[in-house]
Each structure stands twice: as C-alpha cells, then as structure tokens.
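Note: the block below is start-v5.cif and it holds mmCIF, C-alpha atoms.
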```
data_query
loop_
_atom_site.label_atom_id
_atom_site.label_comp_id
_atom_site.auth_asym_id
_atom_site.auth_seq_id
_atom_site.Cartn_x
_atom_site.Cartn_y
_atom_site.Cartn_z
CA MET X 1 -10.95 -61.77 -82.79
CA ARG X 2 -9.90 -59.90 -85.89
CA THR X 3 -10.20 -56.13 -86.22
CA LEU X 4 -13.47 -54.96 -87.71
CA ASP X 5 -13.15 -53.11 -91.00
CA THR X 6 -15.16 -50.14 -92.26
CA THR X 7 -17.81 -52.32 -93.89
CA ASP X 8 -18.29 -54.28 -90.65
CA LEU X 9 -18.59 -51.06 -88.67
CA ARG X 10 -21.09 -49.56 -91.11
CA LEU X 11 -23.13 -52.75 -90.92
CA LEU X 12 -23.14 -52.59 -87.10
CA VAL X 13 -24.37 -48.99 -87.14
CA GLU X 14 -27.16 -49.86 -89.58
CA LEU X 15 -28.16 -52.89 -87.51
CA SER X 16 -28.29 -50.67 -84.43
CA LYS X 17 -30.70 -48.37 -86.23
CA THR X 18 -32.87 -51.20 -87.63
CA PRO X 19 -32.10 -54.44 -85.77
CA ASP X 20 -34.84 -56.41 -87.51
CA ALA X 21 -33.87 -55.35 -91.03
CA THR X 22 -33.62 -58.06 -93.65
CA THR X 23 -30.37 -58.80 -95.40
CA VAL X 24 -31.77 -57.18 -98.55
CA ALA X 25 -32.75 -54.02 -96.66
CA LEU X 26 -29.30 -53.81 -95.06
CA ALA X 27 -27.65 -54.29 -98.46
CA GLN X 28 -29.74 -51.49 -99.96
CA ALA X 29 -29.10 -49.12 -97.06
CA LEU X 30 -25.35 -49.69 -97.26
CA SER X 31 -25.06 -49.94 -101.07
CA LEU X 32 -23.60 -53.44 -100.77
CA SER X 33 -24.55 -56.71 -102.40
CA ARG X 34 -26.88 -59.03 -100.51
CA ASN X 35 -24.20 -61.75 -100.60
CA THR X 36 -21.64 -59.41 -99.03
CA VAL X 37 -24.02 -58.50 -96.22
CA GLN X 38 -25.00 -62.13 -95.64
CA ALA X 39 -21.36 -63.25 -95.51
CA ARG X 40 -20.47 -60.43 -93.12
CA LEU X 41 -23.40 -61.25 -90.83
CA VAL X 42 -22.39 -64.92 -90.70
CA ARG X 43 -18.77 -64.04 -89.94
CA LEU X 44 -19.70 -61.46 -87.28
CA THR X 45 -21.99 -64.02 -85.65
CA GLU X 46 -19.33 -66.75 -85.71
CA GLU X 47 -16.76 -64.36 -84.24
CA GLY X 48 -19.01 -63.47 -81.31
CA VAL X 49 -19.49 -59.81 -82.23
CA PHE X 50 -23.21 -59.98 -81.40
CA LEU X 51 -24.22 -60.34 -77.77
CA PRO X 52 -26.90 -62.84 -76.78
CA PHE X 53 -30.52 -61.81 -77.37
CA GLU X 54 -31.22 -61.94 -73.63
CA ARG X 55 -29.25 -58.71 -73.22
CA ARG X 56 -32.21 -56.96 -74.91
CA ILE X 57 -34.84 -58.13 -72.39
CA SER X 58 -36.05 -55.37 -70.08
CA MET X 59 -35.85 -56.04 -66.34
CA ASP X 60 -38.87 -53.75 -65.92
CA ALA X 61 -40.89 -56.01 -68.20
CA LEU X 62 -39.91 -58.96 -65.99
CA GLY X 63 -41.24 -57.18 -62.91
CA HIS X 64 -37.79 -56.27 -61.57
CA PRO X 65 -37.61 -52.46 -61.91
CA LEU X 66 -34.92 -51.93 -59.23
CA THR X 67 -31.29 -52.10 -60.28
CA ALA X 68 -28.58 -52.29 -57.66
CA PHE X 69 -24.83 -52.72 -57.76
CA VAL X 70 -23.30 -54.89 -55.05
CA GLN X 71 -19.61 -54.58 -54.26
CA ILE X 72 -18.63 -57.93 -52.84
CA HIS X 73 -15.51 -58.50 -50.75
CA VAL X 74 -14.41 -62.13 -50.85
CA HIS X 75 -11.69 -64.59 -49.93
CA GLN X 76 -9.85 -64.80 -53.26
CA GLN X 77 -9.08 -68.49 -52.76
CA ARG X 78 -12.85 -69.18 -52.91
CA LEU X 79 -13.58 -67.06 -55.99
CA THR X 80 -14.52 -70.02 -58.21
CA GLU X 81 -17.09 -71.31 -55.70
CA ILE X 82 -18.38 -67.79 -55.01
CA THR X 83 -18.83 -67.18 -58.73
CA ALA X 84 -20.78 -70.42 -59.07
CA ALA X 85 -22.99 -69.43 -56.11
CA LEU X 86 -23.65 -66.00 -57.67
CA ARG X 87 -24.69 -67.75 -60.90
CA GLY X 88 -27.21 -69.64 -58.77
CA ILE X 89 -28.99 -66.41 -57.79
CA PRO X 90 -31.31 -65.54 -60.70
CA GLU X 91 -31.48 -61.85 -59.77
CA VAL X 92 -27.71 -61.48 -60.21
CA VAL X 93 -27.80 -60.54 -63.88
CA GLN X 94 -24.12 -59.71 -64.26
CA ALA X 95 -20.91 -59.87 -62.23
CA HIS X 96 -17.38 -58.64 -62.85
CA GLY X 97 -14.08 -59.30 -61.10
CA LEU X 98 -12.52 -56.02 -60.01
CA THR X 99 -9.32 -54.37 -58.96
CA GLY X 100 -9.56 -52.02 -56.01
CA SER X 101 -11.13 -52.48 -52.60
CA ALA X 102 -13.99 -54.79 -53.69
CA ASP X 103 -13.36 -58.06 -55.49
CA VAL X 104 -16.64 -58.52 -57.38
CA LEU X 105 -19.22 -56.07 -58.70
CA ALA X 106 -22.61 -57.69 -59.19
CA ARG X 107 -25.52 -56.09 -61.00
CA VAL X 108 -28.77 -57.15 -59.37
CA ALA X 109 -32.38 -56.81 -60.54
CA ALA X 110 -35.02 -56.68 -57.79
CA ARG X 111 -38.80 -56.32 -57.53
CA ASN X 112 -38.66 -53.83 -54.63
CA ALA X 113 -36.60 -52.88 -51.57
CA GLU X 114 -37.62 -55.98 -49.61
CA ASP X 115 -36.62 -58.20 -52.53
CA LEU X 116 -33.27 -56.40 -52.74
CA PHE X 117 -32.75 -57.02 -49.02
CA ARG X 118 -33.43 -60.74 -49.57
CA ILE X 119 -30.97 -60.91 -52.49
CA HIS X 120 -28.32 -59.01 -50.51
CA SER X 121 -28.76 -61.45 -47.62
CA ARG X 122 -28.43 -64.39 -49.96
CA ILE X 123 -25.15 -63.00 -51.30
CA LEU X 124 -23.87 -62.56 -47.74
CA GLN X 125 -24.66 -66.21 -46.99
CA ILE X 126 -22.23 -67.45 -49.66
CA ASP X 127 -19.19 -69.11 -48.07
CA GLY X 128 -16.16 -66.91 -48.64
CA VAL X 129 -18.05 -63.61 -48.85
CA ASP X 130 -16.78 -61.23 -46.16
CA ARG X 131 -18.89 -58.19 -46.89
CA ALA X 132 -21.27 -56.78 -49.49
CA ASP X 133 -22.02 -53.09 -50.03
CA THR X 134 -25.14 -52.37 -52.06
CA SER X 135 -25.84 -49.19 -54.00
CA LEU X 136 -29.27 -48.62 -55.49
CA ALA X 137 -29.34 -47.16 -59.00
CA MET X 138 -31.56 -44.06 -58.86
CA THR X 139 -31.68 -43.58 -62.63
CA GLU X 140 -29.72 -44.62 -65.69
CA LEU X 141 -27.82 -41.57 -66.89
CA VAL X 142 -26.16 -43.16 -69.91
CA ALA X 143 -27.90 -46.20 -71.36
CA TRP X 144 -25.90 -49.10 -72.82
CA ARG X 145 -24.64 -47.91 -76.15
CA THR X 146 -22.02 -48.80 -78.71
CA VAL X 147 -22.96 -46.71 -81.76
CA PRO X 148 -20.99 -43.60 -80.66
CA LEU X 149 -17.89 -45.79 -80.23
CA VAL X 150 -18.45 -47.50 -83.58
CA GLU X 151 -18.95 -44.13 -85.27
CA SER X 152 -15.76 -42.81 -83.68
CA LEU X 153 -13.92 -45.78 -85.21
CA LEU X 154 -15.35 -44.77 -88.57
CA GLY X 155 -13.75 -41.36 -88.27
CA GLY X 156 -15.96 -39.52 -85.83
CA GLY X 157 -18.89 -38.85 -88.11
CA GLU X 158 -21.98 -40.56 -89.37
CA ALA X 159 -21.23 -44.00 -90.77
CA GLY X 160 -21.72 -43.98 -94.45
CA GLY X 161 -19.15 -42.00 -96.32
CA LYS X 162 -16.41 -44.64 -96.36
CA GLY X 163 -16.23 -47.68 -98.55
CA GLY X 164 -14.62 -50.93 -97.62
CA ARG X 165 -16.31 -53.64 -99.62
#
```
Take the structure I supplied and represent it as structure tokens, if you would.
Amino acid sequence: MRTLDTTDLRLLVELSKTPDATTVALAQALSLSRNTVQARLVRLTEEGVFLPFERRISMDALGHPLTAFVQIHVHQQRLTEITAALRGIPEVVQAHGLTGSADVLARVAARNAEDLFRIHSRILQIDGVDRADTSLAMTELVAWRTVPLVESLLGGGEAGGKGGR
C-alpha cells in the first residue's frame, strides 16, 4: 500500500466527521474538485484503506453487550485448524496471533455471563487448545479511533491548513 498524502489524510478526517457525506459535500468541505474527491475515494477503496462496514455494527444492538478477551494457549503446529475452528464460533468477532505467553487473543461478544461460559467452553473443546484465560471487559476506556493518528500525520493539528491536491 502506498503512503497516504495530505489530501488523502484530510479526506479521511472529513469522512470520519461526516461518514455519509456526498462526494460534492466532501469536495466543498475540503475545497477540492468533485472529480478529485471521487478519484481519491475510488483509489482509497481499491487500496483497502476503508474497513468493512460490519466493523460499524454495535454488539449491543445485536444483543451481545458483554465483551471479553480470551488469551488462548495452543499447540503451534495446529494453529491453522484452531484458527478455522475459531472462525466457526460466531461470537468470536476478532482474533490475533500474539507473541508472549498466550498464542492467540480472541475478542468475544456474549449475551451474558452464562453465554460467555458456553463460548469459553467451546473454545476449550477445540483440538490443540491447551488453555484459555478469559478477561471480561468492564468498560471501554478508549474507543476505536483513528482521527487523532491521522491528525498527527497531518502535523499534529486540525486537518485543513495543508494543501496537497
């Protein structure tokens, strides 16, 4: 993936503020031509800059208000099969391979404590899983965000002062 330029970064900040804005509205807000904005949006989409829409769906709205993080200790030789089995558990919404004492960190969405127990048990039943340690998220202290990082790439301030057409 190529490095994003100032215009790309400004466009990302504006989209974060108004994700449903039209191309014309984005062009006006950024003082760019509509064609420039449209071309940038197409390129950013093709390059995979935008995450899938499903990342915006609230687990609470789906009736799964509990978030837990499961540190899974596995036999490394079975990682491919274990990953496939984790994909087969709908409540496992994300999983990462790790360095450190655990091998996999899975983010799990659950309806309640009993549901979390069921999901944890299902993870433990996967061949090649040695142990799973579950931590319940009490509250989200810092929500998913990228705008502060994007703004820091623009020079630390509000996106807007720099050109880059």
Each residue of region 124-157 of chain X lying at most 12 Å from region 50-68 of chain X should get a row with its shortest atom-to-atom pair and the distance in Å to one decimal, counting all atoms listed in the file; could you produce that, ordered by chain and increasing number, as CSV?
```
residue,atom,partner,partner_atom,distance
X:Ala132,CA,X:Ala68,CA,11.8
X:Asp133,CA,X:Ala68,CA,10.1
X:Thr134,CA,X:Ala68,CA,6.6
X:Ser135,CA,X:Ala68,CA,5.5
X:Leu136,CA,X:Ala68,CA,4.3
X:Ala137,CA,X:Ala68,CA,5.4
X:Met138,CA,X:Thr67,CA,8.2
X:Thr139,CA,X:Thr67,CA,8.8
X:Glu140,CA,X:Thr67,CA,9.4
X:Trp144,CA,X:Arg55,CA,10.2
X:Arg145,CA,X:Arg56,CA,11.9
X:Thr146,CA,X:Phe50,CA,11.6
```
Shell of 12 Å around Gln38 (chain X), all atoms listed in the file, local chain residues under 4 positions omitted, as an mmCIF file with C-alpha atoms, in the frame of the given file:
```
data_model
loop_
_atom_site.group_PDB
_atom_site.id
_atom_site.type_symbol
_atom_site.label_atom_id
_atom_site.label_comp_id
_atom_site.auth_asym_id
_atom_site.auth_seq_id
_atom_site.Cartn_x
_atom_site.Cartn_y
_atom_site.Cartn_z
ATOM 1 C CA ASP X 8 -18.290 -54.280 -90.650
ATOM 2 C CA LEU X 11 -23.130 -52.750 -90.920
ATOM 3 C CA THR X 22 -33.620 -58.060 -93.650
ATOM 4 C CA THR X 23 -30.370 -58.800 -95.400
ATOM 5 C CA VAL X 24 -31.770 -57.180 -98.550
ATOM 6 C CA ALA X 25 -32.750 -54.020 -96.660
ATOM 7 C CA LEU X 26 -29.300 -53.810 -95.060
ATOM 8 C CA ALA X 27 -27.650 -54.290 -98.460
ATOM 9 C CA LEU X 32 -23.600 -53.440 -100.770
ATOM 10 C CA SER X 33 -24.550 -56.710 -102.400
ATOM 11 C CA ARG X 34 -26.880 -59.030 -100.510
ATOM 12 C CA VAL X 42 -22.390 -64.920 -90.700
ATOM 13 C CA ARG X 43 -18.770 -64.040 -89.940
ATOM 14 C CA LEU X 44 -19.700 -61.460 -87.280
ATOM 15 C CA THR X 45 -21.990 -64.020 -85.650
#
```
Inset, instruction - Rank X:Asn112, X:Gln76, X:Gln94, X:Thr7 by their smallest atom-to-atom distance to Leu41 (chain X), using only C-alpha atoms, and report the top residue only. - result: X:Thr7
Inset, instruction - Go ahead and compute the interatomic distance for CA of Arg87 (chain X) and CA of Glu46 (chain X), in Å to one decimal. - result: 25.4 Å
Test item: the PyMOL selection byres ((chain X and resi 97) around 12) resolved as a tab-separated table (two decimals) with C-alpha atoms, in the frame of the given file:
```
chain	number	residue	atom	x	y	z
X	70	VAL	CA	-23.30	-54.89	-55.05
X	71	GLN	CA	-19.61	-54.58	-54.26
X	72	ILE	CA	-18.63	-57.93	-52.84
X	73	HIS	CA	-15.51	-58.50	-50.75
X	74	VAL	CA	-14.41	-62.13	-50.85
X	76	GLN	CA	-9.85	-64.80	-53.26
X	79	LEU	CA	-13.58	-67.06	-55.99
X	80	THR	CA	-14.52	-70.02	-58.21
X	82	ILE	CA	-18.38	-67.79	-55.01
X	83	THR	CA	-18.83	-67.18	-58.73
X	94	GLN	CA	-24.12	-59.71	-64.26
X	95	ALA	CA	-20.91	-59.87	-62.23
X	96	HIS	CA	-17.38	-58.64	-62.85
X	98	LEU	CA	-12.52	-56.02	-60.01
X	99	THR	CA	-9.32	-54.37	-58.96
X	100	GLY	CA	-9.56	-52.02	-56.01
X	101	SER	CA	-11.13	-52.48	-52.60
X	102	ALA	CA	-13.99	-54.79	-53.69
X	103	ASP	CA	-13.36	-58.06	-55.49
X	104	VAL	CA	-16.64	-58.52	-57.38
X	105	LEU	CA	-19.22	-56.07	-58.70
X	106	ALA	CA	-22.61	-57.69	-59.19
X	107	ARG	CA	-25.52	-56.09	-61.00
```
Hey, can I get the axis-aligned box for region 86-92 of chain X? All listed atoms, 4 Å padding on each side, centre and edge lengths in Å to one decimal, as JSON.
```
{"center_x": -27.6, "center_y": -65.6, "center_z": -59.3, "size_x": 15.8, "size_y": 16.2, "size_z": 11.2}
```
Inset, instruction - Compare X:Pro19, X:Gly48, X:Pro90, X:Gly128 by their minimum atom-to-atom distance to Arg78 (chain X), counting only C-alpha atoms, and give me the closest one. - result: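 Of all the options, X:Gly128 lies closest to Arg78 (chain X).
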Legend entry - CA of Val13 (chain X) to CA of Val147 (chain X), distance in Å rounded to a single decimal: 6.0 Å
Inset, instruction - Record the distance separating CA of Ile89 (chain X) and CA of Glu114 (chain X), expressed in Å with one decimal. - result: 15.8 Å
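Among the candidates X:His75, X:Ala109, X:Arg10, X:Leu124, the residue lying nearest to Leu149 (chain X) is X:Arg10 (atoms considered: only C-alpha atoms).
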Legend entry - Of the listed residues X:Leu30, X:Leu15, X:Ala110, X:Leu86, that which approaches Ile126 (chain X) most closely, counting only C-alpha atoms: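 The answer is X:Leu86, which sits nearest to Ile126 (chain X).
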Please return region 103-114 of chain X, rebuilt to all heavy atoms, as a compact mmCIF listing (two decimals), in the frame of the given file.
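Output contents, as saved in part-v9.txt:
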```
# COMPACT_ATOMS: atom_id res chain seq x y z
N ASP X 103 -13.85 -57.01 -54.59
CA ASP X 103 -13.36 -58.06 -55.49
C ASP X 103 -14.31 -58.35 -56.64
O ASP X 103 -13.88 -58.72 -57.73
CB ASP X 103 -13.14 -59.35 -54.69
CG ASP X 103 -12.18 -59.13 -53.54
OD1 ASP X 103 -11.02 -58.78 -53.82
OD2 ASP X 103 -12.59 -59.30 -52.38
N VAL X 104 -15.61 -58.20 -56.38
CA VAL X 104 -16.64 -58.52 -57.38
C VAL X 104 -17.66 -57.40 -57.38
O VAL X 104 -18.05 -56.90 -56.31
CB VAL X 104 -17.33 -59.86 -57.05
CG1 VAL X 104 -18.46 -60.16 -58.04
CG2 VAL X 104 -16.32 -61.01 -57.01
N LEU X 105 -18.11 -57.01 -58.57
CA LEU X 105 -19.22 -56.07 -58.70
C LEU X 105 -20.35 -56.83 -59.38
O LEU X 105 -20.22 -57.29 -60.51
CB LEU X 105 -18.84 -54.85 -59.53
CG LEU X 105 -19.95 -53.83 -59.75
CD1 LEU X 105 -20.35 -53.18 -58.42
CD2 LEU X 105 -19.53 -52.77 -60.75
N ALA X 106 -21.46 -56.98 -58.65
CA ALA X 106 -22.61 -57.69 -59.19
C ALA X 106 -23.73 -56.70 -59.49
O ALA X 106 -24.01 -55.81 -58.68
CB ALA X 106 -23.11 -58.74 -58.19
N ARG X 107 -24.33 -56.87 -60.64
CA ARG X 107 -25.52 -56.09 -61.00
C ARG X 107 -26.72 -56.96 -60.67
O ARG X 107 -26.81 -58.11 -61.10
CB ARG X 107 -25.51 -55.75 -62.48
CG ARG X 107 -26.67 -54.90 -62.90
CD ARG X 107 -26.60 -54.58 -64.38
NE ARG X 107 -27.63 -53.64 -64.72
CZ ARG X 107 -27.52 -52.71 -65.65
NH1 ARG X 107 -26.40 -52.60 -66.34
NH2 ARG X 107 -28.51 -51.89 -65.89
N VAL X 108 -27.63 -56.39 -59.90
CA VAL X 108 -28.77 -57.15 -59.37
C VAL X 108 -30.07 -56.48 -59.82
O VAL X 108 -30.18 -55.25 -59.83
CB VAL X 108 -28.70 -57.19 -57.83
CG1 VAL X 108 -29.95 -57.78 -57.22
CG2 VAL X 108 -27.46 -57.97 -57.38
N ALA X 109 -31.04 -57.30 -60.20
CA ALA X 109 -32.38 -56.81 -60.54
C ALA X 109 -33.33 -57.28 -59.43
O ALA X 109 -33.32 -58.45 -59.05
CB ALA X 109 -32.84 -57.37 -61.88
N ALA X 110 -34.13 -56.35 -58.90
CA ALA X 110 -35.02 -56.68 -57.79
C ALA X 110 -36.42 -56.12 -58.04
O ALA X 110 -36.59 -55.13 -58.75
CB ALA X 110 -34.46 -56.12 -56.48
N ARG X 111 -37.41 -56.76 -57.40
CA ARG X 111 -38.80 -56.32 -57.53
C ARG X 111 -39.06 -55.04 -56.73
O ARG X 111 -39.77 -54.15 -57.17
CB ARG X 111 -39.75 -57.41 -57.04
CG ARG X 111 -39.75 -58.65 -57.88
CD ARG X 111 -40.75 -59.68 -57.33
NE ARG X 111 -40.68 -60.92 -58.05
CZ ARG X 111 -41.28 -61.16 -59.20
NH1 ARG X 111 -42.00 -60.22 -59.76
NH2 ARG X 111 -41.15 -62.33 -59.80
N ASN X 112 -38.45 -54.97 -55.53
CA ASN X 112 -38.66 -53.83 -54.63
C ASN X 112 -37.56 -53.87 -53.57
O ASN X 112 -36.67 -54.73 -53.62
CB ASN X 112 -40.07 -53.89 -54.00
CG ASN X 112 -40.35 -55.24 -53.37
OD1 ASN X 112 -39.50 -55.82 -52.68
ND2 ASN X 112 -41.55 -55.78 -53.60
N ALA X 113 -37.65 -52.98 -52.60
CA ALA X 113 -36.60 -52.88 -51.57
C ALA X 113 -36.51 -54.16 -50.73
O ALA X 113 -35.40 -54.60 -50.40
CB ALA X 113 -36.87 -51.67 -50.67
N GLU X 114 -37.64 -54.75 -50.40
CA GLU X 114 -37.62 -55.98 -49.61
C GLU X 114 -36.95 -57.11 -50.39
O GLU X 114 -36.19 -57.91 -49.83
CB GLU X 114 -39.04 -56.40 -49.20
CG GLU X 114 -39.69 -55.46 -48.20
CD GLU X 114 -40.32 -54.23 -48.86
OE1 GLU X 114 -40.57 -54.25 -50.10
OE2 GLU X 114 -40.54 -53.24 -48.16
```
